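Shown next: model_0.txt, containing compact mmCIF, C-alpha atoms.
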# COMPACT_ATOMS: atom_id res chain seq x y z
CA VAL A 1 -43.60 0.14 11.10
CA TRP A 2 -41.06 -2.51 12.07
CA PRO A 3 -42.53 -4.71 14.84
CA GLN A 4 -41.13 -5.44 18.29
CA ASP A 5 -38.94 -8.56 18.61
CA ASP A 6 -41.74 -10.60 20.21
CA LYS A 7 -43.84 -10.05 17.07
CA ILE A 8 -41.13 -11.30 14.67
CA ASP A 9 -41.98 -14.96 14.10
CA ALA A 10 -41.75 -17.51 11.26
CA LYS A 11 -44.86 -16.07 9.56
CA PHE A 12 -43.36 -12.57 9.56
CA ALA A 13 -40.04 -13.99 8.32
CA ARG A 14 -41.80 -15.68 5.38
CA GLN A 15 -43.39 -12.35 4.42
CA GLN A 16 -40.02 -10.55 4.56
CA ARG A 17 -38.35 -13.35 2.60
CA HIS A 18 -41.03 -13.14 -0.10
CA LEU A 19 -40.54 -9.36 -0.42
CA SER A 20 -36.74 -9.72 -0.59
CA LEU A 21 -36.90 -12.45 -3.21
CA GLU A 22 -39.24 -10.36 -5.40
CA GLU A 23 -36.87 -7.40 -5.10
CA PHE A 24 -33.98 -9.72 -5.94
CA ARG A 25 -35.75 -10.89 -9.12
CA GLU A 26 -36.14 -7.30 -10.38
CA ASP A 27 -32.84 -5.88 -9.11
CA ARG A 28 -30.81 -4.58 -12.07
CA GLY A 29 -27.75 -4.32 -9.88
CA VAL A 30 -27.80 -8.08 -9.31
CA ARG A 31 -28.10 -8.64 -13.06
CA ARG A 32 -25.12 -6.36 -13.75
CA ARG A 33 -23.09 -8.14 -11.07
CA CYS A 34 -23.91 -11.50 -12.65
CA ALA A 35 -22.97 -10.19 -16.10
CA ASN A 36 -19.62 -9.05 -14.72
CA PHE A 37 -19.05 -12.60 -13.48
CA GLY A 38 -19.85 -14.04 -16.92
CA ILE A 39 -23.38 -15.19 -16.11
CA ASP A 40 -25.54 -14.43 -19.15
CA LYS A 41 -29.19 -13.33 -19.09
CA ALA A 42 -30.66 -16.76 -19.92
CA THR A 43 -28.61 -18.48 -17.21
CA PHE A 44 -29.63 -15.86 -14.67
CA GLU A 45 -33.34 -16.18 -15.54
CA LYS A 46 -33.25 -19.97 -15.25
CA TRP A 47 -31.34 -20.25 -11.98
CA SER A 48 -32.88 -17.24 -10.25
CA SER A 49 -36.35 -18.75 -10.81
CA GLU A 50 -35.25 -22.11 -9.39
CA PHE A 51 -33.53 -20.35 -6.48
CA ILE A 52 -36.69 -18.41 -5.60
CA ARG A 53 -38.85 -21.51 -5.93
CA ASP A 54 -36.62 -23.56 -3.64
CA ALA A 55 -36.38 -20.73 -1.10
CA GLN A 56 -40.15 -20.26 -0.97
CA SER A 57 -40.55 -24.04 -0.57
CA GLU A 58 -38.29 -24.05 2.52
CA LYS A 59 -35.71 -26.23 0.72
CA LEU A 60 -32.75 -23.92 1.41
CA GLU A 61 -31.55 -24.29 5.00
CA LYS A 62 -30.26 -20.75 5.53
CA LEU A 63 -33.39 -19.20 4.00
CA LYS A 64 -35.88 -21.21 6.02
CA ALA A 65 -38.29 -18.89 7.82
CA GLU A 66 -37.41 -20.19 11.29
CA ASN A 67 -33.70 -19.60 10.62
CA LEU A 68 -34.34 -16.04 9.45
CA VAL A 69 -36.12 -14.98 12.64
CA PRO A 70 -32.94 -14.37 14.72
CA LYS A 71 -31.36 -12.43 11.83
CA LEU A 72 -34.38 -10.17 11.45
CA LYS A 73 -34.45 -9.52 15.21
CA ARG A 74 -30.73 -8.78 15.29
CA GLU A 75 -30.35 -6.66 12.12
CA GLY A 76 -33.82 -5.28 11.52
CA ARG A 77 -35.12 -3.83 8.25
CA GLY A 78 -32.92 -4.53 5.23
CA ALA A 79 -31.29 -7.56 6.87
CA LEU A 80 -32.14 -9.85 3.96
CA GLU A 81 -31.13 -7.74 0.95
CA ILE A 82 -27.42 -8.59 0.79
CA PHE A 83 -28.01 -11.95 2.49
CA VAL A 84 -30.35 -13.13 -0.30
CA ASN A 85 -27.88 -12.03 -2.97
CA ASN A 86 -25.05 -13.97 -1.33
CA GLN A 87 -27.24 -17.03 -0.91
CA PHE A 88 -28.03 -16.95 -4.63
CA PHE A 89 -24.34 -17.19 -5.55
CA ALA A 90 -23.89 -19.98 -2.99
CA TYR A 91 -26.87 -21.73 -4.63
CA LEU A 92 -25.23 -21.41 -8.04
CA ALA A 93 -21.92 -22.76 -6.73
CA GLU A 94 -23.69 -25.87 -5.46
CA ASN A 95 -26.14 -26.47 -8.31
CA ALA A 96 -24.49 -24.90 -11.36
CA PRO A 97 -20.72 -24.73 -10.71
CA GLU A 98 -19.95 -24.11 -14.39
CA ALA A 99 -21.98 -20.88 -14.25
CA VAL A 100 -19.85 -19.45 -11.45
CA LYS A 101 -16.38 -20.78 -12.29
CA ASN A 102 -15.20 -17.20 -12.91
CA ILE A 103 -16.35 -16.14 -9.43
CA GLY A 104 -14.16 -18.77 -7.80
CA TYR A 105 -11.15 -17.59 -9.78
CA LEU A 106 -11.81 -13.93 -8.97
CA ARG A 107 -12.31 -14.74 -5.30
CA LYS A 108 -9.01 -16.62 -5.22
CA ILE A 109 -6.88 -13.92 -6.87
CA SER A 110 -8.49 -11.12 -4.84
CA ASP A 111 -8.15 -12.80 -1.45
CA MET A 112 -5.94 -10.38 0.52
CA ARG A 113 -6.45 -11.92 3.97
CA TYR A 114 -3.10 -13.69 4.23
CA PRO A 115 -0.38 -11.42 2.81
CA HIS A 116 2.39 -13.42 4.52
CA GLU A 117 1.55 -16.28 2.12
CA TRP A 118 1.97 -14.22 -1.06
CA MET A 119 5.63 -15.18 -1.60
CA PRO A 120 6.41 -18.53 0.04
CA ASP A 121 9.98 -18.51 -1.32
CA VAL A 122 10.76 -15.39 0.76
CA ARG A 123 9.51 -17.16 3.90
CA LYS A 124 12.24 -19.78 3.41
CA ILE A 125 14.95 -17.10 3.75
CA PRO A 126 16.20 -16.45 7.31
CA ARG A 127 15.94 -12.64 7.36
CA LYS A 128 17.53 -10.47 10.01
CA ILE A 129 15.28 -7.44 10.53
CA ILE A 130 16.76 -4.34 12.15
CA MET A 131 14.76 -1.18 12.89
CA HIS A 132 16.66 2.10 13.16
CA VAL A 133 14.31 4.53 14.90
CA GLY A 134 14.68 8.09 16.07
CA PRO A 135 13.91 11.72 15.21
CA THR A 136 15.18 13.66 12.18
CA ASN A 137 18.95 14.15 12.11
CA SER A 138 19.66 11.25 14.45
CA GLY A 139 21.84 9.21 12.09
CA LYS A 140 19.42 6.28 11.74
CA THR A 141 19.46 6.22 7.93
CA TYR A 142 23.21 6.89 7.90
CA HIS A 143 23.92 3.70 9.86
CA ALA A 144 21.68 1.64 7.58
CA LEU A 145 23.37 3.05 4.46
CA GLN A 146 26.79 2.29 5.91
CA ARG A 147 25.78 -1.37 6.05
CA LEU A 148 24.41 -1.18 2.50
CA GLN A 149 27.71 0.27 1.25
CA SER A 150 29.61 -2.74 2.55
CA ALA A 151 27.26 -5.27 0.91
CA LYS A 152 28.01 -7.07 -2.33
CA ASN A 153 24.48 -6.39 -3.50
CA GLY A 154 21.42 -4.66 -2.12
CA VAL A 155 18.67 -2.09 -2.51
CA TYR A 156 17.72 1.25 -0.95
CA CYS A 157 13.98 2.00 -1.01
CA SER A 158 13.10 5.68 -0.74
CA PRO A 159 9.80 7.52 -0.26
CA LEU A 160 10.97 10.27 -2.66
CA ARG A 161 12.57 10.32 -6.11
CA LEU A 162 14.90 13.09 -4.98
CA LEU A 163 16.12 11.06 -2.01
CA ALA A 164 16.65 8.01 -4.21
CA PHE A 165 18.74 10.18 -6.54
CA GLU A 166 20.75 11.54 -3.61
CA VAL A 167 21.68 8.02 -2.44
CA TYR A 168 22.46 7.00 -6.04
CA GLN A 169 24.88 9.94 -6.35
CA ARG A 170 26.38 9.32 -2.92
CA MET A 171 27.16 5.68 -3.68
CA ASN A 172 28.71 6.35 -7.07
CA LYS A 173 30.81 9.25 -5.75
CA ALA A 174 32.15 6.85 -3.12
CA GLY A 175 33.19 4.48 -5.92
CA ILE A 176 30.35 2.02 -5.25
CA ALA A 177 28.42 1.05 -8.40
CA CYS A 178 24.74 1.86 -7.96
CA ASN A 179 21.77 2.02 -10.33
CA LEU A 180 18.87 4.47 -10.05
CA MET A 181 15.33 3.26 -10.63
CA THR A 182 12.25 5.45 -10.22
CA GLY A 183 8.97 5.64 -12.06
CA GLU A 184 10.36 8.31 -14.41
CA ASP A 185 14.09 7.66 -14.45
CA ARG A 186 16.48 4.76 -15.07
CA ARG A 187 20.21 5.29 -15.06
CA GLY A 188 23.40 3.49 -14.12
CA PRO A 189 26.93 4.47 -13.06
CA ASN A 190 29.37 6.22 -15.38
CA TYR A 191 32.06 3.58 -15.70
CA GLU A 192 34.06 5.62 -18.20
CA ASP A 193 35.51 8.08 -15.67
CA GLY A 194 37.16 5.23 -13.76
CA VAL A 195 35.75 6.28 -10.36
CA VAL A 196 33.25 3.44 -10.31
CA LYS A 197 33.99 -0.16 -11.24
CA PRO A 198 31.29 -2.74 -11.99
CA THR A 199 30.66 -5.59 -9.57
CA GLY A 200 31.26 -8.01 -12.41
CA TYR A 201 30.22 -8.84 -15.95
CA SER A 202 27.41 -10.92 -17.38
CA ILE A 203 27.96 -13.71 -19.90
CA LEU A 204 27.12 -11.11 -22.56
CA GLY A 205 29.93 -8.88 -21.35
CA THR A 206 27.70 -6.15 -19.91
CA ALA A 207 28.61 -4.54 -16.59
CA VAL A 208 26.81 -5.82 -13.50
CA THR A 209 25.88 -3.34 -10.77
CA GLY A 210 25.33 -4.63 -7.25
CA LEU A 211 23.27 -1.84 -5.67
CA VAL A 212 19.99 -0.19 -6.62
CA SER A 213 18.55 3.05 -5.25
CA CYS A 214 14.84 3.26 -6.03
CA THR A 215 11.50 4.65 -4.96
CA ILE A 216 9.59 2.27 -2.69
CA GLU A 217 6.99 1.44 -5.36
CA MET A 218 9.79 0.28 -7.70
CA ALA A 219 11.51 -2.02 -5.20
CA PRO A 220 12.92 -5.04 -7.08
CA LEU A 221 11.96 -8.22 -5.27
CA LYS A 222 15.26 -9.97 -6.03
CA ARG A 223 17.54 -11.89 -3.69
CA CYS A 224 20.12 -9.62 -2.09
CA GLN A 225 22.33 -9.29 0.98
CA VAL A 226 21.03 -5.99 2.36
CA ALA A 227 17.86 -3.98 1.82
CA VAL A 228 17.12 -0.60 3.38
CA ILE A 229 13.53 0.70 3.63
CA ASP A 230 13.39 4.38 4.58
CA GLU A 231 10.52 6.16 6.38
CA ILE A 232 8.95 2.87 7.47
CA GLN A 233 6.21 4.76 9.38
CA MET A 234 4.65 5.43 5.97
CA ILE A 235 3.38 1.85 6.14
CA GLY A 236 0.34 3.36 7.86
CA ASP A 237 -0.42 5.81 5.03
CA LYS A 238 -3.80 5.07 3.44
CA HIS A 239 -2.63 6.01 -0.06
CA ARG A 240 0.95 4.69 -0.28
CA GLY A 241 1.25 2.37 2.71
CA TRP A 242 0.73 -0.69 0.49
CA ALA A 243 4.20 -0.18 -1.04
CA TRP A 244 5.93 -0.33 2.37
CA THR A 245 3.84 -3.38 3.28
CA VAL A 246 4.84 -5.21 0.09
CA ALA A 247 8.50 -4.36 0.61
CA LEU A 248 8.48 -5.41 4.27
CA LEU A 249 6.79 -8.71 3.51
CA ASN A 250 8.48 -9.64 0.27
CA LEU A 251 12.02 -8.24 -0.02
CA PRO A 252 14.21 -11.37 -0.09
CA ALA A 253 17.17 -9.85 1.76
CA SER A 254 19.41 -11.53 4.32
CA GLU A 255 19.38 -8.24 6.25
CA LEU A 256 16.42 -5.90 6.17
CA HIS A 257 17.03 -2.45 7.67
CA LEU A 258 13.96 -0.31 8.44
CA CYS A 259 14.46 3.39 9.15
CA GLY A 260 11.84 5.72 10.56
CA GLU A 261 9.90 6.97 13.54
CA GLU A 262 9.54 5.00 16.75
CA SER A 263 5.75 5.04 16.28
CA ALA A 264 6.16 2.37 13.57
CA VAL A 265 7.69 -0.22 15.92
CA PRO A 266 4.38 -1.81 17.14
CA ILE A 267 2.89 -2.37 13.68
CA VAL A 268 6.16 -3.72 12.25
CA LYS A 269 6.47 -6.13 15.18
CA ARG A 270 2.87 -7.30 14.73
CA ILE A 271 3.45 -7.96 11.02
CA CYS A 272 6.73 -9.77 11.67
CA GLU A 273 5.06 -11.98 14.30
CA THR A 274 2.86 -13.40 11.53
CA LEU A 275 6.06 -14.19 9.61
CA ASP A 276 7.77 -15.83 12.61
CA GLU A 277 10.52 -13.22 12.32
CA GLU A 278 12.08 -11.21 15.14
CA VAL A 279 12.79 -7.47 15.02
CA GLU A 280 15.86 -5.85 16.54
CA VAL A 281 15.18 -2.21 17.45
CA ARG A 282 18.02 0.32 17.60
CA THR A 283 17.09 3.73 18.97
CA TYR A 284 18.97 6.95 18.13
CA GLY A 285 18.87 10.44 19.61
CA ARG A 286 19.07 13.74 17.75
CA LEU A 287 22.69 14.64 16.93
CA GLY A 288 22.15 18.38 17.06
CA ALA A 289 19.90 20.39 19.32
CA LEU A 290 16.81 21.87 17.71
CA ARG A 291 15.99 25.27 19.14
CA THR A 292 13.28 27.77 18.30
CA SER A 293 14.55 31.26 17.60
CA GLU A 294 13.26 33.97 19.92
CA LYS A 295 12.39 36.21 16.97
CA SER A 296 11.74 35.80 13.27
CA LEU A 297 13.62 37.25 10.30
CA GLU A 298 10.77 39.72 9.96
CA TYR A 299 11.09 39.40 6.18
CA ASP A 300 14.66 40.71 6.28
CA TRP A 301 16.10 38.22 3.82
CA LYS A 302 19.60 39.72 4.23
CA ARG A 303 19.76 37.90 7.57
CA ILE A 304 19.35 34.47 6.03
CA GLN A 305 22.32 32.09 6.35
CA PRO A 306 23.82 29.57 3.89
CA GLY A 307 22.12 26.20 4.34
CA ASP A 308 18.84 27.68 5.60
CA CYS A 309 15.57 26.27 4.26
CA VAL A 310 12.59 28.52 3.61
CA VAL A 311 9.19 26.80 3.49
CA THR A 312 6.29 28.56 1.80
CA PHE A 313 2.92 27.43 0.58
CA SER A 314 2.50 28.35 -3.07
CA ARG A 315 4.58 28.02 -6.20
CA GLN A 316 4.41 31.78 -6.80
CA ASN A 317 5.78 32.49 -3.31
CA ILE A 318 8.62 30.03 -3.88
CA TYR A 319 9.88 31.95 -6.90
CA ASN A 320 9.20 35.38 -5.38
CA ILE A 321 11.27 34.54 -2.28
CA LYS A 322 14.00 32.91 -4.37
CA TYR A 323 14.35 36.09 -6.46
CA THR A 324 14.35 38.29 -3.32
CA ILE A 325 17.03 36.23 -1.53
CA GLU A 326 19.29 36.11 -4.58
CA SER A 327 18.95 39.83 -5.30
CA GLN A 328 19.52 40.91 -1.66
CA THR A 329 22.25 38.47 -0.63
CA GLY A 330 24.00 37.41 -3.82
CA MET A 331 23.60 33.76 -2.76
CA ARG A 332 22.23 31.10 -5.12
CA CYS A 333 18.91 29.62 -4.04
CA ALA A 334 17.58 26.22 -5.13
CA VAL A 335 13.86 25.49 -5.31
CA ILE A 336 11.99 22.24 -4.72
CA TYR A 337 8.28 21.49 -5.06
CA GLY A 338 6.17 18.52 -6.07
CA GLY A 339 5.31 19.63 -9.58
CA LEU A 340 8.92 20.34 -10.58
CA PRO A 341 9.94 18.27 -13.67
CA PRO A 342 12.31 15.39 -12.81
CA GLU A 343 15.25 16.83 -14.76
CA ALA A 344 14.89 20.21 -13.04
CA ARG A 345 14.50 18.52 -9.66
CA VAL A 346 17.76 16.63 -10.14
CA GLU A 347 19.54 19.81 -11.24
CA GLN A 348 18.29 21.71 -8.19
CA ALA A 349 19.41 18.91 -5.87
Could you show the structure in this file as structure tokens?
Amino acid sequence: VWPQDDKIDAKFARQQRHLSLEEFREDRGVRRRCANFGIDKATFEKWSSEFIRDAQSEKLEKLKAENLVPKLKREGRGALEIFVNNQFFAYLAENAPEAVKNIGYLRKISDMRYPHEWMPDVRKIPRKIIMHVGPTNSGKTYHALQRLQSAKNGVYCSPLRLLAFEVYQRMNKAGIACNLMTGEDRRGPNYEDGVVKPTGYSILGTAVTGLVSCTIEMAPLKRCQVAVIDEIQMIGDKHRGWAWTVALLNLPASELHLCGEESAVPIVKRICETLDEEVEVRTYGRLGALRTSEKSLEYDWKRIQPGDCVVTFSRQNIYNIKYTIESQTGMRCAVIYGGLPPEARVEQA
């Protein structure tokens, strides 16, 4: 039974320290952790014995019994387990630095506390950051892309491969040379048809393209005039948010346009405050009214209109409904779902 606080004194702390040090000596997890850091068995045996001896002899300030009393009162049972392990590595760093040189290197390269310091060269660039916020179909991305079209060079960062392809096609059809770069696809403009002309030529004579449309994870961190990051609210996503964070922090663009929901404004402003950068927010309203129909189609697919989108929740339903619509209306129906192969997805788009 764990005693009341008034019963936890230096004598009790010495007993708890002794138990924790004995558990530390036999803990296979600690041995595996040391092995991962390049500390071999002989080194561990030598220094763990000296560490335990010095701790029991009250030679280590943080492990002195009197200094452990407040910790035991505050944290209770199990307070010393992780604490003793950490003190061992601190002991090694002071007494056997060669044994823990790999730990220092690993700690340095895995320190993620100051992301604004990752790319100091980007911090030297005076970036103008503009947020275009509003609901779907409000023109926020359109205005950002208009600025990208007028730039000599730049990048569009998309949350979806299909959207990146759509912007790639849009730019090239407008006569603006644009490359496509996703995890599965790399392609450039078709200069042979004469619609698109290269921005210039390299010293090797190859065509140079000024714009890139890519998925956010593939964003090239190269100096450019304009960068557009779409769906910036995804910065809060626990699985993919890192990609938006990296792009926001590290895209070396003179103008950085962020498109998305208004809910993303506070977090973007907080991040930019750490960079000493200001954010200009432009708010847009929906261009067309969104109304709920008073009644459904009631599965009468003959009533469906060109441009309508049908959302269903299984691959089998997608193809069943596609077949029904095409057979009853004579209209062609495209299908889109996550598992669709890239080539088929592009063809459907």
Which segment 256-309 of chain A residues have any atom within 10 Å of an atom of segment 105-126 of chain A, and for each, what is the nearest pair of atoms with distance in Å to one decimal, counting only C-alpha atoms, rows sorted by chain and number, as JSON lines?
{"residue": "A:Ile271", "atom": "CA", "partner": "A:His116", "partner_atom": "CA", "distance": 8.6}
{"residue": "A:Cys272", "atom": "CA", "partner": "A:His116", "partner_atom": "CA", "distance": 9.1}
{"residue": "A:Thr274", "atom": "CA", "partner": "A:His116", "partner_atom": "CA", "distance": 7.0}
{"residue": "A:Leu275", "atom": "CA", "partner": "A:His116", "partner_atom": "CA", "distance": 6.3}
{"residue": "A:Asp276", "atom": "CA", "partner": "A:Arg123", "partner_atom": "CA", "distance": 9.0}
{"residue": "A:Glu277", "atom": "CA", "partner": "A:Pro126", "partner_atom": "CA", "distance": 8.2}
Hey, what's within 9 Å of Asp5 of chain A if we count only C-alpha atoms and toss same-chain stuff fewer than 6 positions away? As a PyMOL selection string, please?
chain A and resi 72-74
If you count all atoms listed in the file, the residue of A:Ile235, A:Val133, A:Ala10, A:Ala289 closest to Glu262 of chain A turns out to be A:Val133
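Distances here use all atoms listed in the file; by that measure, the residue among A:Gly139, A:Gly339, A:Pro70, A:Pro159 closest to Asp237 of chain A is A:Pro159.
Those residues that approach Cys309 of chain A to within 12 Å, counting all atoms listed in the file, are Trp301, Ile304, Gln305, Ile318, Ile321, Lys322, Ile325, Cys333, Ala334, Val335 and Ile336 of chain A; same-chain residues fewer than 4 positions away are not listed.
Residues in contact with Phe37 of chain A at up to 9 Å, not including ones fewer than 4 positions away on its chain and judged by all atoms listed in the file, are Arg32, Arg33, Ala99, Val100, Lys101, Asn102, Ile103 and Leu106 of chain A.
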Quick one: write out the picked residues with C-alpha atoms as an mmCIF file, in the coordinates of the input?
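Listing of selection.cif after writing:
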data_model
loop_
_atom_site.group_PDB
_atom_site.id
_atom_site.type_symbol
_atom_site.label_atom_id
_atom_site.label_comp_id
_atom_site.auth_asym_id
_atom_site.auth_seq_id
_atom_site.Cartn_x
_atom_site.Cartn_y
_atom_site.Cartn_z
ATOM 1 C CA ARG A 32 -25.120 -6.360 -13.750
ATOM 2 C CA ARG A 33 -23.090 -8.140 -11.070
ATOM 3 C CA ALA A 99 -21.980 -20.880 -14.250
ATOM 4 C CA VAL A 100 -19.850 -19.450 -11.450
ATOM 5 C CA LYS A 101 -16.380 -20.780 -12.290
ATOM 6 C CA ASN A 102 -15.200 -17.200 -12.910
ATOM 7 C CA ILE A 103 -16.350 -16.140 -9.430
ATOM 8 C CA LEU A 106 -11.810 -13.930 -8.970
#
The residue from A:Ala65, A:Leu60, A:Ala93, A:Val1 with the smallest atom-to-atom distance to Gln16 of chain A, counting only C-alpha atoms, is A:Ala65
Restricting to all atoms listed in the file, whichever of A:Thr182, A:Asn172, A:Ser254, A:Gln87 is closest to Asn153 of chain A is A:Ser254
> Using only C-alpha atoms, which of the listed residues (A:Val310, A:Ala253, A:Val30, A:Ala55) sits closest to Leu148 of chain A?
Replying inline: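 Checking each of A:Val310, A:Ala253, A:Val30, A:Ala55 against Leu148 of chain A, counting only C-alpha atoms, the winner is A:Ala253.
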